[in-house]
Amino acid sequence: MKRKLLLPVVLSLIISAQAIAAQGNKENGKAIYDKKCWWCHGEKGGGDGPAAKFLNPPPRDFTAGWYKFKTTPFDEITPADADIFRMISGGMNHVSIWRGMSGTSMPNWGDVLKEQERLDLVAYIKSLSGLEQPQKPSIDYKNQVKSSKESIEKGKEIFKKMCTECHGEEGKGDGTKKLKDDLGFRTWPRNFTKPWTFRVNNDPKEIYTRISNGIPGTQMPSFADPSSKKTLSDEERWHVANYVASLGNDVKKAKDDTVLKAIRLIGELPDKIDDPKWNEAEPTSFWFIPQIIAKERFFTPSLDSITARAFYNDKEISILLEWDDRTKSIPGDEKAKEIAEGDMLEDSVAVQFPVIIPEEMEKPYFGMGDSAKPVNIWQWRSGKKDSPESVKLMNANGFQKIEQRDVAKAGLKATGVYNNGTWRVVMKRALSTEEKDKDTQFVEGKYTPIAFAAWDGSNGESGSKHVMTTWYWLLLKPATSKSTYIIPLIVALIVFGGELLLVRASRK
Amino acid sequence: MKIPRLLLFVILVAISYFIFKAPGIFLKQPIPSSLIVMYMFFAVVTILLWMTSTEEGMQGLVGPIKAMIEDPSKKTLRNIVFLIVPLLAGGITYMQLRPTYEAPVELRSIHPAPPSTVKVFGKTFNLMTLENPYRKVEKEDPAKFAQLVKEGGEVYFKNCFYCHGDKLDGRGHYAHGFNPLPANFTDIGTIAQLQESFLFWRIATGGPGLPKEGAPWISAMPIWENFLTEDEVWKVILFLYNYTGYVPRSWAK
């Protein structure tokens with residue numbers, strides 16, 4: 001009896017939820033839209049507000065009526081109201097303090113708009129393209145295959161055959177195909193090793209939804225569509241979803257810790273980039289943001305974070321820089337040109353230190369120093385088809401006053417390798433140099449400001465157009481002294497001795 | 001029911017410790033551990049003074065300890081306690097001595113005192129008397145004012161919202177890459193406390209225009225004098241107040 005009752009109850013709940021969604025008031029929605037949304041999405045919803053041309057990806061065009069992240073099936077263009085409601089509400093991702101849709105400028109409105117206001121917006125937005133209720137219900141997850149070693153293995157096999165052309169061998173979005181959406185905007189496949197960059201999230205159910213329904217308006221097809229050459233069975237789609245969800249690599253996510261700790265080694269520092277010794281160094285990741293401070297500002301970055309590791313011994317310091325870049329940019333190379341955006345330039349990475357390590361708080365300006373306080377910049381460039389990789393050493397007092405310096409004289413070395421969507425570059429220099437007033441002199445135990453920058457040459461980045469970080473810290477971590485262990489031991493013994501005396505005294 | 005005095009002592013110490021830890025747990029504004037050690041010292045001394053102020057209280061506190069040491073039937077308990085106490089002492093000492101590698105604390109003034117004059121847009125402005133030339137339009141011509149606010153909004157969404165956010169909450173899509181975080185205009189502690197001339201100065205001269213106490217070397221605020229006109233700066237200020245519903249502080253009164 002009870003069981004029979006349950007189904008109607010659940011069904012009526014679902015129906016009433018939809019009914020509530022349908023109750024959004026279009027006029028109220030328009031009032032909110034005209035205050036908060038039009039700046040990006042345009043006065044008439046055409047995705048052409050004043051901010052639009054500075055945004056990548058571009059804001060959704062509501063007059064077109066298609067939505068990328070919907071739960072209705074591939075053969076149903078209309079999204080569920082709940083899909084639009086969810087995009088407005090946000091709060092699904094966690095790129096640091098950003099709670100909107102990751103990798104976009106769509107914030108989470110859930111904290112400033114009441115539920116009813118968001119429902120009103122749904123009603124208004126749908127009216128901009130005359131959308132009705134979808135004919136088909138959202139897909140369900142009743143046949144979900146729970147993630148397991150076997151499922152992930154099966155998903156990997158399918159992925160290797162079907163997905164790598166766009167998503168890359170290791171799923172970093174470093175495919176060999178240039179992708180555009182239906183409006184002609186360049187699109188990039190997600191980097192599956194960075195699940196916090198997924199527009200929605202990396203729950204296998206979400207991934208399964210994208211695989212099954214495709215991403216409308218983009219070249220991501222539906223793998224549930226029986227008329228497609230790429231049809232996968234329901235079970236196969238779950239395997240792929242489980243595999244994709246397993247690719248996340250938390251090391252690449254920047255944490256609260258802002259100190260890159262260089263580990264002290266006895267003997268030689270690893271010379272080769274692929275030396276397994278690097279695994280013993282402590283990785284620290286930092287967020288990249290585009291250079292939006294000085295002319296010419298840059299708003300369409302492709303790189304979003306960098307991971308650094310460092311070793312030092314009594315003579316030298318060695319820093320390993322790793323960052324995911326979907327394209328290896330080699331100017332002059334025909335194959336690299338196919339996927340590039342506009343003119344192709346070299347890929348590049350740089351680290352920056354104050355020439356004089358500050359004793360107090362005051363540092364050089366983080367954007368290439370200032371007139372009073374110069375910075376040391378080490379820059380590596382990937383090289384062109386006919387010229388090899390190169391290293392530059394610069395001293396800057398602001399971006400307009402740069403002195404090119406002799407790399408060999410300072411003993412600066414750098415070399416890089418690109419593999420499956422990731423650059424790895426090692427930079428090495430002596431702790432101290434001859435020109436003490438021009439080169440940063442590294443000292444064990446001293447907090448040294450460090451900042452990073454990178455250029456993706458296939459994304460039109462050069463000069464002031466690049467991504468960068470603010471000041472963080474590099475610390476040559478001193479070996480822990482023996483007294484750290486011995487003193488607690490002595491304290492424990494003294495306390496124990498005191499206890500013995502107490503017992504003796506009490507027995508007298 | 002009477003709580004044993006020794007247990008009461010432990011409970012009171014635990015409560016004080018929790019009170020000192022609470023700001024860190026709930027507000028993410030922890031009290032530095034060195035201060036907590038000091039506070040705890042005073043708390044323990046105060047509790048001890050209070051509890052041992054009478055002979056009876058003293059007995060209640062010391063009695064169980066004495067009994068534990070002297071009473072042969074409590075030998076096992078004694079041995080356990082005598083093992084735990086030195087280990088605890090050693091452990092606490094290690095935690096104190098252990099080197100930590102947290103980033104150095106950097107203090108900066110969020111609203112440093114403005115200079116009396118500022119030279120921007122090829123002119124010298126007296127910040128002590130400067131007013132928004134468009135402010136009077138608010139009463140004189142509301143329709144024109146709405147248009148000015150809209151123009152200011154367009155300036156904001158072409159230039160500022162990447163950091164200061166769609167919602168003016170200082171949480172733009174690039175905010176996470178900066179330290180300090182961009183100003184949150186919806187916070188009662190920012191523009192609501194300031195005069196329009198202060199905003200004019202902060203916008204026009206940007207991060208590098210901050211005095212030293214404002215840590216200009218880490219502020220990502222561009223020098224807007226290089227990008228915007230004087231007119232656009234005043235309009236964007238109108239927009240900030242209009243959108244958040246705050247009223248600028250005025251000179252009079």
# chains A, B, ... in the order shown; residues from 1 in each chain; ligands from 1

$ residues_around --residues "stretch 420-423 of chain A" --least-positions-apart "3" --cutoff "10 Å" --atoms "only C-alpha atoms" --output "PDB file with C-alpha atoms, in the first residue's frame"
ATOM      1  CA  HIS A 167      39.956  16.504 -25.836  1.00  0.00           C
ATOM      2  CA  GLY A 168      43.591  15.400 -26.130  1.00  0.00           C
ATOM      3  CA  GLU A 169      45.367  12.167 -25.206  1.00  0.00           C
ATOM      4  CA  GLU A 170      45.225  12.883 -21.478  1.00  0.00           C
ATOM      5  CA  GLY A 171      42.001  14.889 -21.580  1.00  0.00           C
ATOM      6  CA  LYS A 172      43.613  18.290 -21.149  1.00  0.00           C
ATOM      7  CA  GLY A 173      41.637  19.802 -24.008  1.00  0.00           C
ATOM      8  CA  ASP A 174      44.755  19.871 -26.185  1.00  0.00           C
ATOM      9  CA  GLY A 175      43.091  18.332 -29.223  1.00  0.00           C
ATOM     10  CA  ASN A 191      40.694  20.426 -19.355  1.00  0.00           C
ATOM     11  CA  ILE A 306      50.723  27.476 -12.813  1.00  0.00           C
ATOM     12  CA  LEU A 321      57.321  25.454 -13.670  1.00  0.00           C
ATOM     13  CA  GLU A 322      54.382  23.464 -15.004  1.00  0.00           C
ATOM     14  CA  TRP A 323      51.313  24.845 -16.708  1.00  0.00           C
ATOM     15  CA  ASP A 324      48.627  23.428 -18.945  1.00  0.00           C
ATOM     16  CA  ASP A 325      48.542  25.014 -22.385  1.00  0.00           C
ATOM     17  CA  ARG A 326      46.258  23.465 -25.001  1.00  0.00           C
ATOM     18  CA  THR A 327      48.567  24.452 -27.827  1.00  0.00           C
ATOM     19  CA  LYS A 328      52.291  24.102 -28.406  1.00  0.00           C
ATOM     20  CA  ASP A 347      54.903  30.283 -25.830  1.00  0.00           C
ATOM     21  CA  SER A 348      56.730  31.734 -22.872  1.00  0.00           C
ATOM     22  CA  VAL A 349      56.971  31.786 -19.106  1.00  0.00           C
ATOM     23  CA  SER A 382      59.685  28.134 -26.583  1.00  0.00           C
ATOM     24  CA  GLY A 416      61.389  23.324 -21.496  1.00  0.00           C
ATOM     25  CA  VAL A 417      59.471  20.297 -22.783  1.00  0.00           C
TER      26      VAL A 417
END

$ residues_around --residues "B:Tyr241" --least-positions-apart "3" --cutoff "10 Å" --atoms "only C-alpha atoms" --output "PyMOL selection string"
chain B and resi 149+185-186+191-192+196+236-238+244-248

$ closest_atom_pairs --of "chain A" --to "chain B" --cutoff "7 Å" --atoms "only C-alpha atoms" --output "JSON lines"
{"residue": "A:Trp39", "atom": "CA", "partner": "B:Phe157", "partner_atom": "CA", "distance": 6.5}
{"residue": "A:Pro50", "atom": "CA", "partner": "B:Glu154", "partner_atom": "CA", "distance": 6.0}
{"residue": "A:Ala51", "atom": "CA", "partner": "B:Lys158", "partner_atom": "CA", "distance": 5.0}
{"residue": "A:Ser96", "atom": "CA", "partner": "B:His176", "partner_atom": "CA", "distance": 6.1}
{"residue": "A:Ile97", "atom": "CA", "partner": "B:His176", "partner_atom": "CA", "distance": 6.0}
{"residue": "A:Trp98", "atom": "CA", "partner": "B:His173", "partner_atom": "CA", "distance": 6.5}
{"residue": "A:Ser105", "atom": "CA", "partner": "B:His173", "partner_atom": "CA", "distance": 5.4}
{"residue": "A:Pro107", "atom": "CA", "partner": "B:Asp166", "partner_atom": "CA", "distance": 6.9}
{"residue": "A:Thr258", "atom": "CA", "partner": "B:Ala103", "partner_atom": "CA", "distance": 6.4}
{"residue": "A:Val259", "atom": "CA", "partner": "B:Ala103", "partner_atom": "CA", "distance": 6.0}
{"residue": "A:Trp287", "atom": "CA", "partner": "B:Gly177", "partner_atom": "CA", "distance": 5.5}
{"residue": "A:Phe288", "atom": "CA", "partner": "B:Gly177", "partner_atom": "CA", "distance": 6.2}
{"residue": "A:Ile289", "atom": "CA", "partner": "B:Gly177", "partner_atom": "CA", "distance": 5.7}
{"residue": "A:Ile293", "atom": "CA", "partner": "B:Pro222", "partner_atom": "CA", "distance": 4.8}
{"residue": "A:Ala294", "atom": "CA", "partner": "B:Pro222", "partner_atom": "CA", "distance": 6.5}
{"residue": "A:Met361", "atom": "CA", "partner": "B:Glu106", "partner_atom": "CA", "distance": 6.6}
{"residue": "A:Lys363", "atom": "CA", "partner": "B:Trp217", "partner_atom": "CA", "distance": 6.1}
{"residue": "A:Pro364", "atom": "CA", "partner": "B:Trp217", "partner_atom": "CA", "distance": 5.8}
{"residue": "A:Tyr365", "atom": "CA", "partner": "B:Trp217", "partner_atom": "CA", "distance": 3.8}
{"residue": "A:Phe366", "atom": "CA", "partner": "B:Ile218", "partner_atom": "CA", "distance": 5.8}
{"residue": "A:Thr469", "atom": "CA", "partner": "B:Gly177", "partner_atom": "CA", "distance": 6.5}
{"residue": "A:Thr470", "atom": "CA", "partner": "B:Phe178", "partner_atom": "CA", "distance": 6.0}
{"residue": "A:Thr484", "atom": "CA", "partner": "B:Leu97", "partner_atom": "CA", "distance": 5.8}
{"residue": "A:Tyr485", "atom": "CA", "partner": "B:Tyr94", "partner_atom": "CA", "distance": 6.9}
{"residue": "A:Pro488", "atom": "CA", "partner": "B:Gly90", "partner_atom": "CA", "distance": 4.3}
{"residue": "A:Leu489", "atom": "CA", "partner": "B:Gly90", "partner_atom": "CA", "distance": 5.9}
{"residue": "A:Val491", "atom": "CA", "partner": "B:Gly90", "partner_atom": "CA", "distance": 5.6}
{"residue": "A:Ala492", "atom": "CA", "partner": "B:Pro86", "partner_atom": "CA", "distance": 4.4}
{"residue": "A:Leu493", "atom": "CA", "partner": "B:Pro86", "partner_atom": "CA", "distance": 6.8}
{"residue": "A:Val495", "atom": "CA", "partner": "B:Pro86", "partner_atom": "CA", "distance": 5.3}
{"residue": "A:Phe496", "atom": "CA", "partner": "B:Pro86", "partner_atom": "CA", "distance": 5.6}
{"residue": "A:Glu499", "atom": "CA", "partner": "B:Phe82", "partner_atom": "CA", "distance": 6.8}
{"residue": "A:Val503", "atom": "CA", "partner": "B:Ile69", "partner_atom": "CA", "distance": 6.4}
{"residue": "A:Ser506", "atom": "CA", "partner": "B:Glu70", "partner_atom": "CA", "distance": 6.6}

$ write_last_selection --atoms "N, CA and C atoms" --output "short mmCIF file (atom, residue, chain, number, x, y, z; two decimals), in the first residue's frame"
data_model
loop_
_atom_site.label_atom_id
_atom_site.label_comp_id
_atom_site.auth_asym_id
_atom_site.auth_seq_id
_atom_site.Cartn_x
_atom_site.Cartn_y
_atom_site.Cartn_z
N TRP A 39 23.84 44.37 -18.89
CA TRP A 39 25.20 44.89 -19.09
C TRP A 39 26.02 43.92 -19.93
N PRO A 50 27.19 46.16 -23.16
CA PRO A 50 28.46 46.91 -23.22
C PRO A 50 29.69 46.07 -22.84
N ALA A 51 29.52 45.07 -21.95
CA ALA A 51 30.67 44.28 -21.50
C ALA A 51 31.00 43.14 -22.45
N SER A 96 38.48 29.09 -6.17
CA SER A 96 38.74 30.08 -5.14
C SER A 96 37.44 30.73 -4.67
N ILE A 97 37.33 32.06 -4.77
CA ILE A 97 36.16 32.75 -4.25
C ILE A 97 35.05 32.87 -5.29
N TRP A 98 35.28 32.38 -6.51
CA TRP A 98 34.29 32.51 -7.58
C TRP A 98 33.24 31.43 -7.43
N SER A 105 32.17 34.76 -16.96
CA SER A 105 31.96 35.89 -16.07
C SER A 105 30.55 35.87 -15.49
N PRO A 107 28.20 35.30 -12.75
CA PRO A 107 28.33 35.06 -11.31
C PRO A 107 27.15 34.26 -10.76
N THR A 258 50.48 30.42 0.13
CA THR A 258 51.08 31.27 -0.89
C THR A 258 52.60 31.20 -0.87
N VAL A 259 53.14 30.17 -0.21
CA VAL A 259 54.59 30.06 -0.10
C VAL A 259 55.10 28.86 -0.90
N TRP A 287 46.96 30.99 -9.11
CA TRP A 287 46.03 31.38 -10.17
C TRP A 287 46.69 32.41 -11.08
N PHE A 288 46.45 32.24 -12.36
CA PHE A 288 46.82 33.27 -13.33
C PHE A 288 45.62 34.17 -13.58
N ILE A 289 45.88 35.44 -13.78
CA ILE A 289 44.84 36.34 -14.26
C ILE A 289 45.44 37.13 -15.42
N ILE A 293 45.83 45.63 -16.26
CA ILE A 293 46.18 46.80 -15.48
C ILE A 293 46.74 47.94 -16.33
N ALA A 294 47.65 47.59 -17.24
CA ALA A 294 48.29 48.65 -18.04
C ALA A 294 47.97 48.43 -19.51
N MET A 361 57.95 45.25 4.75
CA MET A 361 56.83 44.91 3.90
C MET A 361 56.98 45.41 2.47
N LYS A 363 57.59 46.25 -1.13
CA LYS A 363 58.17 45.52 -2.26
C LYS A 363 58.14 46.40 -3.51
N PRO A 364 58.83 45.96 -4.55
CA PRO A 364 58.63 46.66 -5.83
C PRO A 364 57.19 46.44 -6.29
N TYR A 365 56.67 47.31 -7.15
CA TYR A 365 55.34 47.14 -7.73
C TYR A 365 55.27 45.78 -8.43
N PHE A 366 54.16 45.05 -8.23
CA PHE A 366 54.13 43.67 -8.72
C PHE A 366 54.12 43.57 -10.24
N THR A 469 50.58 36.69 -12.21
CA THR A 469 50.13 36.53 -10.83
C THR A 469 50.54 37.77 -10.05
N THR A 470 50.00 37.90 -8.86
CA THR A 470 50.46 38.95 -7.96
C THR A 470 51.71 38.41 -7.25
N THR A 484 64.77 20.97 17.63
CA THR A 484 63.32 20.90 17.53
C THR A 484 62.80 19.57 18.09
N TYR A 485 63.61 18.52 17.95
CA TYR A 485 63.18 17.21 18.46
C TYR A 485 63.70 16.96 19.87
N PRO A 488 61.73 18.98 23.18
CA PRO A 488 60.50 18.37 23.70
C PRO A 488 60.79 17.10 24.51
N LEU A 489 61.78 16.35 24.06
CA LEU A 489 62.14 15.12 24.76
C LEU A 489 62.62 15.44 26.18
N VAL A 491 61.91 18.13 27.92
CA VAL A 491 60.76 18.63 28.68
C VAL A 491 59.96 17.46 29.24
N ALA A 492 59.70 16.47 28.37
CA ALA A 492 58.92 15.31 28.81
C ALA A 492 59.63 14.59 29.96
N LEU A 493 60.96 14.45 29.87
CA LEU A 493 61.73 13.77 30.92
C LEU A 493 61.68 14.55 32.23
N VAL A 495 59.32 16.61 33.27
CA VAL A 495 57.98 16.47 33.85
C VAL A 495 57.85 15.11 34.53
N PHE A 496 58.36 14.09 33.84
CA PHE A 496 58.29 12.74 34.41
C PHE A 496 59.08 12.66 35.72
N GLU A 499 57.17 14.16 38.49
CA GLU A 499 56.14 13.26 38.97
C GLU A 499 56.71 12.25 39.97
N VAL A 503 55.67 11.60 43.96
CA VAL A 503 55.31 10.30 44.57
C VAL A 503 56.18 10.04 45.79
N SER A 506 55.13 12.16 48.67
CA SER A 506 53.87 11.77 49.28
C SER A 506 54.03 10.53 50.16
#

$ atom_distance --atom1 "atom CA of A:Glu444" --atom2 "atom CA of A:Leu474"
10.3 Å

$ closest_residue --among "A:Glu334, A:Asp250, A:Glu316, A:Asp456" --to "A:Ser432" --atoms "only C-alpha atoms"
A:Glu316

$ residues_around --residues "B:Gly122" --least-positions-apart "3" --cutoff "10 Å" --atoms "only C-alpha atoms" --output "PDB file with C-alpha atoms, in the first residue's frame"
ATOM      1  CA  LYS B 119      47.224  66.294  -9.937  1.00  0.00           C
ATOM      2  CA  PHE B 125      42.146  69.152  -7.715  1.00  0.00           C
ATOM      3  CA  GLU B 225      43.634  58.564 -15.600  1.00  0.00           C
TER       4      GLU B 225
END

$ atom_distance --atom1 "atom CA of A:Ser151" --atom2 "atom CA of A:Pro195"
19.1 Å

$ residues_around --residues "B:Phe9" --least-positions-apart "3" --cutoff "8 Å" --atoms "only C-alpha atoms" --output "list in words"
Arg5, Leu6, Leu12, Val13, Ile47, Leu48, Met51 and Leu61 of chain B

$ select_by_dssp --residues "stretch 300-366 of chain A" --states "helix (DSSP H, G or I)" --output "ChimeraX atom specification"
/A:334-339

$ write_last_selection --atoms "N, CA and C atoms" --output "mmCIF file, in the first residue's frame"
data_model
loop_
_atom_site.group_PDB
_atom_site.id
_atom_site.type_symbol
_atom_site.label_atom_id
_atom_site.label_comp_id
_atom_site.auth_asym_id
_atom_site.auth_seq_id
_atom_site.Cartn_x
_atom_site.Cartn_y
_atom_site.Cartn_z
ATOM 1 N N GLU A 334 53.613 24.489 -39.646
ATOM 2 C CA GLU A 334 52.311 24.477 -40.326
ATOM 3 C C GLU A 334 51.223 23.845 -39.466
ATOM 4 N N LYS A 335 51.586 22.759 -38.805
ATOM 5 C CA LYS A 335 50.593 22.032 -38.022
ATOM 6 C C LYS A 335 50.133 22.857 -36.809
ATOM 7 N N ALA A 336 51.096 23.533 -36.192
ATOM 8 C CA ALA A 336 50.751 24.369 -35.040
ATOM 9 C C ALA A 336 49.874 25.536 -35.474
ATOM 10 N N LYS A 337 50.104 26.013 -36.700
ATOM 11 C CA LYS A 337 49.369 27.164 -37.220
ATOM 12 C C LYS A 337 47.884 26.848 -37.400
ATOM 13 N N GLU A 338 47.606 25.594 -37.746
ATOM 14 C CA GLU A 338 46.220 25.196 -38.005
ATOM 15 C C GLU A 338 45.294 25.486 -36.834
ATOM 16 N N ILE A 339 45.821 25.354 -35.634
ATOM 17 C CA ILE A 339 44.967 25.479 -34.456
ATOM 18 C C ILE A 339 45.100 26.841 -33.773
#
